[in-house]
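Structure data (PDB, C-alpha atoms) from model.pdb:
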```pdb
ATOM      1  CA  GLY M   1      -2.581  11.491 -11.971  1.00  0.00           C
ATOM      2  CA  ALA M   2       1.080  10.734 -11.477  1.00  0.00           C
ATOM      3  CA  VAL M   3       2.411   7.408 -12.690  1.00  0.00           C
ATOM      4  CA  VAL M   4       4.846   5.052 -11.023  1.00  0.00           C
ATOM      5  CA  SER M   5       6.266   2.090 -12.887  1.00  0.00           C
ATOM      6  CA  GLN M   6       8.113  -0.995 -11.732  1.00  0.00           C
ATOM      7  CA  HIS M   7      10.397  -3.315 -13.608  1.00  0.00           C
ATOM      8  CA  PRO M   8      10.298  -6.199 -13.954  1.00  0.00           C
ATOM      9  CA  SER M   9       6.655  -7.047 -13.350  1.00  0.00           C
ATOM     10  CA  TRP M  10       7.669 -10.573 -12.428  1.00  0.00           C
ATOM     11  CA  VAL M  11      10.933 -12.423 -11.981  1.00  0.00           C
ATOM     12  CA  ILE M  12      11.982 -15.959 -11.166  1.00  0.00           C
ATOM     13  CA  CYS M  13      15.439 -16.524  -9.759  1.00  0.00           C
ATOM     14  CA  LYS M  14      17.429 -19.310  -8.199  1.00  0.00           C
ATOM     15  CA  SER M  15      18.196 -19.456  -4.529  1.00  0.00           C
ATOM     16  CA  GLY M  16      21.407 -17.628  -3.690  1.00  0.00           C
ATOM     17  CA  THR M  17      21.267 -15.137  -6.527  1.00  0.00           C
ATOM     18  CA  SER M  18      20.467 -11.424  -6.298  1.00  0.00           C
ATOM     19  CA  VAL M  19      17.584  -9.659  -7.951  1.00  0.00           C
ATOM     20  CA  LYS M  20      17.165  -5.955  -8.654  1.00  0.00           C
ATOM     21  CA  ILE M  21      13.755  -4.308  -8.876  1.00  0.00           C
ATOM     22  CA  GLU M  22      13.349  -0.800 -10.255  1.00  0.00           C
ATOM     23  CA  CYS M  23      10.785   1.787  -9.280  1.00  0.00           C
ATOM     24  CA  ARG M  24      10.399   4.872 -11.442  1.00  0.00           C
ATOM     25  CA  SER M  25       8.276   7.975 -11.194  1.00  0.00           C
ATOM     26  CA  LEU M  26       7.393   8.758 -14.798  1.00  0.00           C
ATOM     27  CA  ASP M  27       6.096  12.288 -14.765  1.00  0.00           C
ATOM     28  CA  PHE M  28       7.251  13.758 -11.510  1.00  0.00           C
ATOM     29  CA  GLN M  29      10.330  13.893  -9.354  1.00  0.00           C
ATOM     30  CA  ALA M  30      10.182  11.906  -6.161  1.00  0.00           C
ATOM     31  CA  THR M  31      12.595  12.712  -3.367  1.00  0.00           C
ATOM     32  CA  THR M  32      11.011   9.968  -1.306  1.00  0.00           C
ATOM     33  CA  MET M  33       9.904   6.520  -2.350  1.00  0.00           C
ATOM     34  CA  PHE M  34       8.682   3.606  -0.259  1.00  0.00           C
ATOM     35  CA  TRP M  35       9.067  -0.135  -0.607  1.00  0.00           C
ATOM     36  CA  TYR M  36       6.483  -2.638   0.590  1.00  0.00           C
ATOM     37  CA  ARG M  37       6.178  -6.383   0.437  1.00  0.00           C
ATOM     38  CA  GLN M  38       2.984  -8.359   0.357  1.00  0.00           C
ATOM     39  CA  PHE M  39       2.496 -12.078   0.935  1.00  0.00           C
ATOM     40  CA  PRO M  40      -0.468 -13.839  -0.689  1.00  0.00           C
ATOM     41  CA  LYS M  41      -3.806 -12.778   0.744  1.00  0.00           C
ATOM     42  CA  GLN M  42      -2.092 -10.526   3.250  1.00  0.00           C
ATOM     43  CA  SER M  43      -1.584  -6.838   3.682  1.00  0.00           C
ATOM     44  CA  LEU M  44       1.244  -4.593   2.564  1.00  0.00           C
ATOM     45  CA  MET M  45       4.105  -4.319   4.981  1.00  0.00           C
ATOM     46  CA  LEU M  46       6.326  -1.266   4.804  1.00  0.00           C
ATOM     47  CA  MET M  47       9.953  -2.293   4.399  1.00  0.00           C
ATOM     48  CA  ALA M  48      11.836   0.959   4.005  1.00  0.00           C
ATOM     49  CA  THR M  49      11.808   4.586   3.007  1.00  0.00           C
ATOM     50  CA  SER M  50      14.079   5.431   0.106  1.00  0.00           C
ATOM     51  CA  ASN M  51      15.543   8.921   0.214  1.00  0.00           C
ATOM     52  CA  GLU M  52      17.193  10.496  -2.808  1.00  0.00           C
ATOM     53  CA  GLY M  53      20.813  11.253  -2.078  1.00  0.00           C
ATOM     54  CA  SER M  54      20.915   9.611   1.336  1.00  0.00           C
ATOM     55  CA  LYS M  55      20.620   6.256   3.029  1.00  0.00           C
ATOM     56  CA  ALA M  56      17.342   4.416   3.171  1.00  0.00           C
ATOM     57  CA  THR M  57      15.458   4.168   6.428  1.00  0.00           C
ATOM     58  CA  TYR M  58      14.455   0.610   7.233  1.00  0.00           C
ATOM     59  CA  GLU M  59      11.521  -0.520   9.312  1.00  0.00           C
ATOM     60  CA  GLN M  60      12.152  -2.595  12.377  1.00  0.00           C
ATOM     61  CA  GLY M  61      12.888  -6.210  11.544  1.00  0.00           C
ATOM     62  CA  VAL M  62      13.891  -5.573   7.914  1.00  0.00           C
ATOM     63  CA  GLU M  63      17.457  -6.634   7.133  1.00  0.00           C
ATOM     64  CA  LYS M  64      19.203  -3.738   5.456  1.00  0.00           C
ATOM     65  CA  ASP M  65      22.022  -5.936   4.191  1.00  0.00           C
ATOM     66  CA  LYS M  66      19.581  -8.263   2.516  1.00  0.00           C
ATOM     67  CA  PHE M  67      17.344  -5.633   0.971  1.00  0.00           C
ATOM     68  CA  LEU M  68      19.623  -3.013  -0.532  1.00  0.00           C
ATOM     69  CA  ILE M  69      17.966   0.210  -1.541  1.00  0.00           C
ATOM     70  CA  ASN M  70      19.513   2.820  -3.798  1.00  0.00           C
ATOM     71  CA  HIS M  71      17.750   6.063  -4.678  1.00  0.00           C
ATOM     72  CA  ALA M  72      20.101   7.113  -7.435  1.00  0.00           C
ATOM     73  CA  SER M  73      18.041   9.916  -8.925  1.00  0.00           C
ATOM     74  CA  LEU M  74      14.836  11.841  -8.378  1.00  0.00           C
ATOM     75  CA  THR M  75      12.954   9.390 -10.569  1.00  0.00           C
ATOM     76  CA  LEU M  76      14.516   6.036  -9.737  1.00  0.00           C
ATOM     77  CA  SER M  77      14.804   3.844  -6.688  1.00  0.00           C
ATOM     78  CA  THR M  78      16.054   0.279  -6.799  1.00  0.00           C
ATOM     79  CA  LEU M  79      15.549  -2.605  -4.383  1.00  0.00           C
ATOM     80  CA  THR M  80      18.061  -5.430  -4.593  1.00  0.00           C
ATOM     81  CA  VAL M  81      17.219  -8.671  -2.844  1.00  0.00           C
ATOM     82  CA  THR M  82      20.595 -10.218  -2.132  1.00  0.00           C
ATOM     83  CA  SER M  83      21.235 -13.933  -1.762  1.00  0.00           C
ATOM     84  CA  ALA M  84      17.576 -14.616  -2.317  1.00  0.00           C
ATOM     85  CA  HIS M  85      15.883 -17.535  -0.598  1.00  0.00           C
ATOM     86  CA  PRO M  86      12.473 -19.088  -1.251  1.00  0.00           C
ATOM     87  CA  GLU M  87      11.051 -17.259   1.766  1.00  0.00           C
ATOM     88  CA  ASP M  88      11.833 -13.975  -0.028  1.00  0.00           C
ATOM     89  CA  SER M  89       9.251 -14.894  -2.644  1.00  0.00           C
ATOM     90  CA  SER M  90       6.668 -12.175  -2.421  1.00  0.00           C
ATOM     91  CA  PHE M  91       4.981  -9.279  -4.183  1.00  0.00           C
ATOM     92  CA  TYR M  92       7.087  -6.124  -3.887  1.00  0.00           C
ATOM     93  CA  ILE M  93       5.378  -2.778  -4.378  1.00  0.00           C
ATOM     94  CA  CYS M  94       6.867   0.692  -4.412  1.00  0.00           C
ATOM     95  CA  SER M  95       5.221   4.037  -3.994  1.00  0.00           C
ATOM     96  CA  ALA M  96       6.330   7.603  -4.465  1.00  0.00           C
ATOM     97  CA  ARG M  97       5.291  10.982  -3.175  1.00  0.00           C
ATOM     98  CA  ASP M  98       4.758  13.825  -5.597  1.00  0.00           C
ATOM     99  CA  PRO M  99       6.159  16.851  -3.760  1.00  0.00           C
ATOM    100  CA  SER M 100       4.154  19.219  -5.934  1.00  0.00           C
ATOM    101  CA  GLY M 101       0.908  17.697  -4.735  1.00  0.00           C
ATOM    102  CA  SER M 102      -0.646  17.148  -1.370  1.00  0.00           C
ATOM    103  CA  SER M 103       1.840  16.129   1.281  1.00  0.00           C
ATOM    104  CA  TYR M 104      -0.194  12.983   1.685  1.00  0.00           C
ATOM    105  CA  GLU M 105      -0.474  12.141  -2.006  1.00  0.00           C
ATOM    106  CA  GLN M 106       1.232   8.851  -2.789  1.00  0.00           C
ATOM    107  CA  TYR M 107       1.251   6.837  -5.989  1.00  0.00           C
ATOM    108  CA  PHE M 108       1.834   3.106  -6.162  1.00  0.00           C
ATOM    109  CA  GLY M 109       3.604   1.053  -8.767  1.00  0.00           C
ATOM    110  CA  PRO M 110       1.966  -2.077 -10.218  1.00  0.00           C
ATOM    111  CA  GLY M 111       4.180  -4.382  -8.187  1.00  0.00           C
ATOM    112  CA  THR M 112       6.842  -6.995  -8.932  1.00  0.00           C
ATOM    113  CA  ARG M 113       6.219 -10.642  -8.201  1.00  0.00           C
ATOM    114  CA  LEU M 114       9.409 -12.382  -7.129  1.00  0.00           C
ATOM    115  CA  THR M 115       9.619 -16.162  -7.070  1.00  0.00           C
ATOM    116  CA  VAL M 116      12.765 -17.758  -5.700  1.00  0.00           C
ATOM    117  CA  THR M 117      13.226 -21.417  -6.586  1.00  0.00           C
TER     118      THR M 117
ATOM    119  CA  SER L   1       4.084  -4.204  11.829  1.00  0.00           C
ATOM    120  CA  GLN L   2       0.474  -3.954  10.818  1.00  0.00           C
ATOM    121  CA  GLN L   3      -1.346  -0.841  11.859  1.00  0.00           C
ATOM    122  CA  GLY L   4      -4.711  -2.318  12.512  1.00  0.00           C
ATOM    123  CA  GLU L   5      -7.464  -4.608  11.525  1.00  0.00           C
ATOM    124  CA  GLU L   6     -10.141  -4.546   8.927  1.00  0.00           C
ATOM    125  CA  ASP L   7     -13.323  -6.462   9.283  1.00  0.00           C
ATOM    126  CA  PRO L   8     -14.757  -8.394   7.847  1.00  0.00           C
ATOM    127  CA  GLN L   9     -11.750 -10.101   6.289  1.00  0.00           C
ATOM    128  CA  ALA L  10     -14.002 -11.284   3.478  1.00  0.00           C
ATOM    129  CA  LEU L  11     -17.346  -9.984   2.273  1.00  0.00           C
ATOM    130  CA  SER L  12     -19.516 -11.470  -0.417  1.00  0.00           C
ATOM    131  CA  ILE L  13     -22.587  -9.607  -1.709  1.00  0.00           C
ATOM    132  CA  GLN L  14     -24.856  -9.306  -4.729  1.00  0.00           C
ATOM    133  CA  GLU L  15     -24.694  -6.468  -7.229  1.00  0.00           C
ATOM    134  CA  GLY L  16     -26.749  -3.519  -6.111  1.00  0.00           C
ATOM    135  CA  GLU L  17     -26.238  -4.171  -2.424  1.00  0.00           C
ATOM    136  CA  ASN L  18     -24.161  -1.936  -0.199  1.00  0.00           C
ATOM    137  CA  ALA L  19     -20.806  -3.058   1.170  1.00  0.00           C
ATOM    138  CA  THR L  20     -19.494  -1.839   4.494  1.00  0.00           C
ATOM    139  CA  MET L  21     -15.950  -2.416   5.632  1.00  0.00           C
ATOM    140  CA  ASN L  22     -14.471  -1.361   8.939  1.00  0.00           C
ATOM    141  CA  CYS L  23     -10.968  -0.497   9.993  1.00  0.00           C
ATOM    142  CA  SER L  24      -9.456   0.012  13.406  1.00  0.00           C
ATOM    143  CA  TYR L  25      -6.090   1.481  14.237  1.00  0.00           C
ATOM    144  CA  LYS L  26      -3.940   1.833  17.299  1.00  0.00           C
ATOM    145  CA  THR L  27      -1.979   5.072  17.211  1.00  0.00           C
ATOM    146  CA  SER L  28      -2.751   8.743  16.689  1.00  0.00           C
ATOM    147  CA  ILE L  29      -3.147   9.779  13.072  1.00  0.00           C
ATOM    148  CA  ASN L  30      -3.157  12.841  10.828  1.00  0.00           C
ATOM    149  CA  ASN L  31      -5.344  11.139   8.297  1.00  0.00           C
ATOM    150  CA  LEU L  32      -6.644   7.768   7.212  1.00  0.00           C
ATOM    151  CA  GLN L  33      -6.699   6.573   3.650  1.00  0.00           C
ATOM    152  CA  TRP L  34      -8.524   3.805   1.851  1.00  0.00           C
ATOM    153  CA  TYR L  35      -6.998   1.920  -1.052  1.00  0.00           C
ATOM    154  CA  ARG L  36      -8.241  -0.690  -3.457  1.00  0.00           C
ATOM    155  CA  GLN L  37      -6.186  -3.520  -4.916  1.00  0.00           C
ATOM    156  CA  ASN L  38      -7.269  -5.767  -7.727  1.00  0.00           C
ATOM    157  CA  SER L  39      -5.768  -9.235  -7.577  1.00  0.00           C
ATOM    158  CA  GLY L  40      -2.035  -9.179  -8.238  1.00  0.00           C
ATOM    159  CA  ARG L  41      -1.972  -5.481  -8.986  1.00  0.00           C
ATOM    160  CA  GLY L  42      -0.811  -2.270  -7.384  1.00  0.00           C
ATOM    161  CA  LEU L  43      -2.901  -0.057  -5.186  1.00  0.00           C
ATOM    162  CA  VAL L  44      -5.329   2.624  -6.217  1.00  0.00           C
ATOM    163  CA  HIS L  45      -6.027   5.488  -3.847  1.00  0.00           C
ATOM    164  CA  LEU L  46      -9.737   5.857  -3.140  1.00  0.00           C
ATOM    165  CA  ILE L  47     -10.208   8.497  -0.510  1.00  0.00           C
ATOM    166  CA  LEU L  48      -8.447  10.311   2.312  1.00  0.00           C
ATOM    167  CA  ILE L  49     -10.127  11.562   5.452  1.00  0.00           C
ATOM    168  CA  ARG L  50      -8.321  13.901   7.802  1.00  0.00           C
ATOM    169  CA  SER L  51      -8.332  13.450  11.537  1.00  0.00           C
ATOM    170  CA  ASN L  52     -10.545  16.505  12.023  1.00  0.00           C
ATOM    171  CA  GLU L  53     -13.168  15.203   9.595  1.00  0.00           C
ATOM    172  CA  ARG L  54     -15.946  12.809  10.512  1.00  0.00           C
ATOM    173  CA  GLU L  55     -17.372  11.906   7.144  1.00  0.00           C
ATOM    174  CA  LYS L  56     -16.417  12.222   3.527  1.00  0.00           C
ATOM    175  CA  HIS L  57     -18.060  11.265   0.243  1.00  0.00           C
ATOM    176  CA  SER L  58     -16.688  10.502  -3.179  1.00  0.00           C
ATOM    177  CA  GLY L  59     -19.107   9.151  -5.754  1.00  0.00           C
ATOM    178  CA  ARG L  60     -20.451   5.856  -4.403  1.00  0.00           C
ATOM    179  CA  LEU L  61     -17.957   5.881  -1.552  1.00  0.00           C
ATOM    180  CA  ARG L  62     -18.677   7.134   1.936  1.00  0.00           C
ATOM    181  CA  VAL L  63     -16.008   7.118   4.611  1.00  0.00           C
ATOM    182  CA  THR L  64     -16.480   7.842   8.280  1.00  0.00           C
ATOM    183  CA  LEU L  65     -13.858   8.378  10.933  1.00  0.00           C
ATOM    184  CA  ASP L  66     -14.261   8.137  14.694  1.00  0.00           C
ATOM    185  CA  THR L  67     -10.995   9.158  16.305  1.00  0.00           C
ATOM    186  CA  SER L  68     -12.324   8.489  19.799  1.00  0.00           C
ATOM    187  CA  LYS L  69     -12.823   4.846  18.866  1.00  0.00           C
ATOM    188  CA  LYS L  70      -9.853   4.792  16.495  1.00  0.00           C
ATOM    189  CA  SER L  71     -11.994   3.360  13.756  1.00  0.00           C
ATOM    190  CA  SER L  72     -13.137   4.107  10.240  1.00  0.00           C
ATOM    191  CA  SER L  73     -15.658   2.622   7.869  1.00  0.00           C
ATOM    192  CA  LEU L  74     -15.877   2.509   4.093  1.00  0.00           C
ATOM    193  CA  LEU L  75     -19.295   2.165   2.528  1.00  0.00           C
ATOM    194  CA  ILE L  76     -19.687   1.344  -1.150  1.00  0.00           C
ATOM    195  CA  THR L  77     -23.244   1.901  -2.268  1.00  0.00           C
ATOM    196  CA  ALA L  78     -24.984   0.127  -5.143  1.00  0.00           C
ATOM    197  CA  SER L  79     -22.063  -2.226  -5.605  1.00  0.00           C
ATOM    198  CA  ARG L  80     -21.043  -3.572  -8.996  1.00  0.00           C
ATOM    199  CA  ALA L  81     -19.171  -6.697 -10.021  1.00  0.00           C
ATOM    200  CA  ALA L  82     -16.273  -4.415 -10.972  1.00  0.00           C
ATOM    201  CA  ASP L  83     -15.949  -3.415  -7.310  1.00  0.00           C
ATOM    202  CA  THR L  84     -14.603  -6.891  -6.574  1.00  0.00           C
ATOM    203  CA  ALA L  85     -11.165  -6.280  -5.047  1.00  0.00           C
ATOM    204  CA  SER L  86      -9.301  -6.058  -1.769  1.00  0.00           C
ATOM    205  CA  TYR L  87      -9.757  -2.887   0.227  1.00  0.00           C
ATOM    206  CA  PHE L  88      -7.188  -1.598   2.693  1.00  0.00           C
ATOM    207  CA  CYS L  89      -7.100   1.233   5.133  1.00  0.00           C
ATOM    208  CA  ALA L  90      -3.790   2.917   5.831  1.00  0.00           C
ATOM    209  CA  THR L  91      -2.590   5.485   8.308  1.00  0.00           C
ATOM    210  CA  ASN L  92       0.588   7.453   8.776  1.00  0.00           C
ATOM    211  CA  ARG L  93       0.674   7.077  12.541  1.00  0.00           C
ATOM    212  CA  GLY L  94       0.772  10.836  12.918  1.00  0.00           C
ATOM    213  CA  SER L  95       3.947  11.248  10.889  1.00  0.00           C
ATOM    214  CA  THR L  96       4.264  13.679   7.991  1.00  0.00           C
ATOM    215  CA  LEU L  97       7.064  11.674   6.444  1.00  0.00           C
ATOM    216  CA  GLY L  98       4.752   9.733   4.198  1.00  0.00           C
ATOM    217  CA  ARG L  99       5.191   6.242   5.581  1.00  0.00           C
ATOM    218  CA  LEU L 100       1.939   4.311   5.407  1.00  0.00           C
ATOM    219  CA  TYR L 101       0.915   1.402   7.589  1.00  0.00           C
ATOM    220  CA  PHE L 102      -1.786  -0.819   6.217  1.00  0.00           C
ATOM    221  CA  GLY L 103      -4.502  -2.869   7.806  1.00  0.00           C
ATOM    222  CA  ARG L 104      -5.098  -6.475   6.864  1.00  0.00           C
ATOM    223  CA  GLY L 105      -7.693  -5.684   4.255  1.00  0.00           C
ATOM    224  CA  THR L 106     -11.143  -6.874   3.290  1.00  0.00           C
ATOM    225  CA  GLN L 107     -11.619  -9.058   0.245  1.00  0.00           C
ATOM    226  CA  LEU L 108     -14.870  -7.935  -1.349  1.00  0.00           C
ATOM    227  CA  THR L 109     -16.607 -10.139  -3.887  1.00  0.00           C
ATOM    228  CA  VAL L 110     -19.615  -8.740  -5.717  1.00  0.00           C
ATOM    229  CA  TRP L 111     -21.652 -11.318  -7.583  1.00  0.00           C
ATOM    230  CA  PRO L 112     -23.508 -10.268 -10.743  1.00  0.00           C
TER     231      PRO L 112
END
```

Write out the structure in this file as structure tokens.
Amino acid sequence: GAVVSQHPSWVICKSGTSVKIECRSLDFQATTMFWYRQFPKQSLMLMATSNEGSKATYEQGVEKDKFLINHASLTLSTLTVTSAHPEDSSFYICSARDPSGSSYEQYFGPGTRLTVT
Amino acid sequence: SQQGEEDPQALSIQEGENATMNCSYKTSINNLQWYRQNSGRGLVHLILIRSNEREKHSGRLRVTLDTSKKSSSLLITASRAADTASYFCATNRGSTLGRLYFGRGTQLTVWP
């Protein structure tokens, strides 16, 4: 099946700094990617839809100025957590749709664990 | 916001037993999907059932869907220790745009 990678797999940063997380589709082109966050022992919460060549669509309650999303190419979307605070510590997961497959087919990256100290 | 609820939130069984997890949702759907997540890892797609289907099988997995009750169940037969993971249902709330909304999940522990 299609593969989605994330980098880094984990990152520790100081409060107030910004962190960039990359999501790549390795063997297919993804016009749409999705970003989720997951707190310990909780479910995944959709943050935003990343659209190649246009602005991301954010879910209600997600601060677009804090979580900057850039879908620079058909294989790369980045999530930048700006001015990170300890409450931003979470597991961030991306997914991507393979347009050549089923319209419902989605592939998930392995996740990035962010710890803000 | 969360789409729905899974129950039980935690399930502990012995190898060889069957595990049943339930999921409820609130809005109309085109399909419902089940995913598995090992601790600290990404998600693996298990099975998708369309809104016009009532039951679907894949290996040791059996999924049912009752759209009148807005609920689904995932049955894992003859469970193995390797099935230990969190299981989530997800729906697209009737959209074709690909956004998925996940339930709270069931943590399944299978003891050898």

May I have the residues at most 12 Å from (13.6, -17.0, 3.4) in the file's coordinates, counting all atoms listed in the file, as a PyMOL selection string? chain M and resi 15-16+63+66+81-90+115-117

Within 10 Å of chain M, which residues belong to chain L? Use all atoms listed in the file and report them as an MDAnalysis selection string. chainID L and resid 1:3 30:33 37 39:45 48 86:90 92 96:107

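Once the PyMOL selection byres ((chain L and resi 70) around 8) is applied to the shown structure, the selection contains Ser24, Tyr25, Lys26, Thr27, Leu65, Asp66, Thr67, Ser68, Lys69, Ser71 and Ser72 of chain L.
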
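One finds CA of Gly59 (chain L) at 11.8 Å from CA of Ser79 (chain L).
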
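Near Leu46 (chain L), within 8 Å and counting all atoms listed in the file, sit Gln33, Trp34, Tyr35 and Arg36 of chain L; same-chain residues fewer than 6 positions away were not included.
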
Just how far from CA of Thr64 (chain L) is CA of Ala2 (chain M), in Å to one decimal? 26.6 Å

Give, as AutoDock Vina command-line options, the centre coordinates and the x, y and z edge lengths in Å to one decimal for an axis-aligned box around all listed atoms of region 66-77 of chain M, padded by 3 Å on each side.
```
--center_x 16.5 --center_y 1.8 --center_z -4.0 --size_x 13.1 --size_y 26.1 --size_z 19.1
```

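Among the candidates M:Leu79, M:Leu114, M:Val62, M:Leu26, the residue lying nearest to Ser50 (chain M) is M:Leu79 (atoms considered: all atoms listed in the file).
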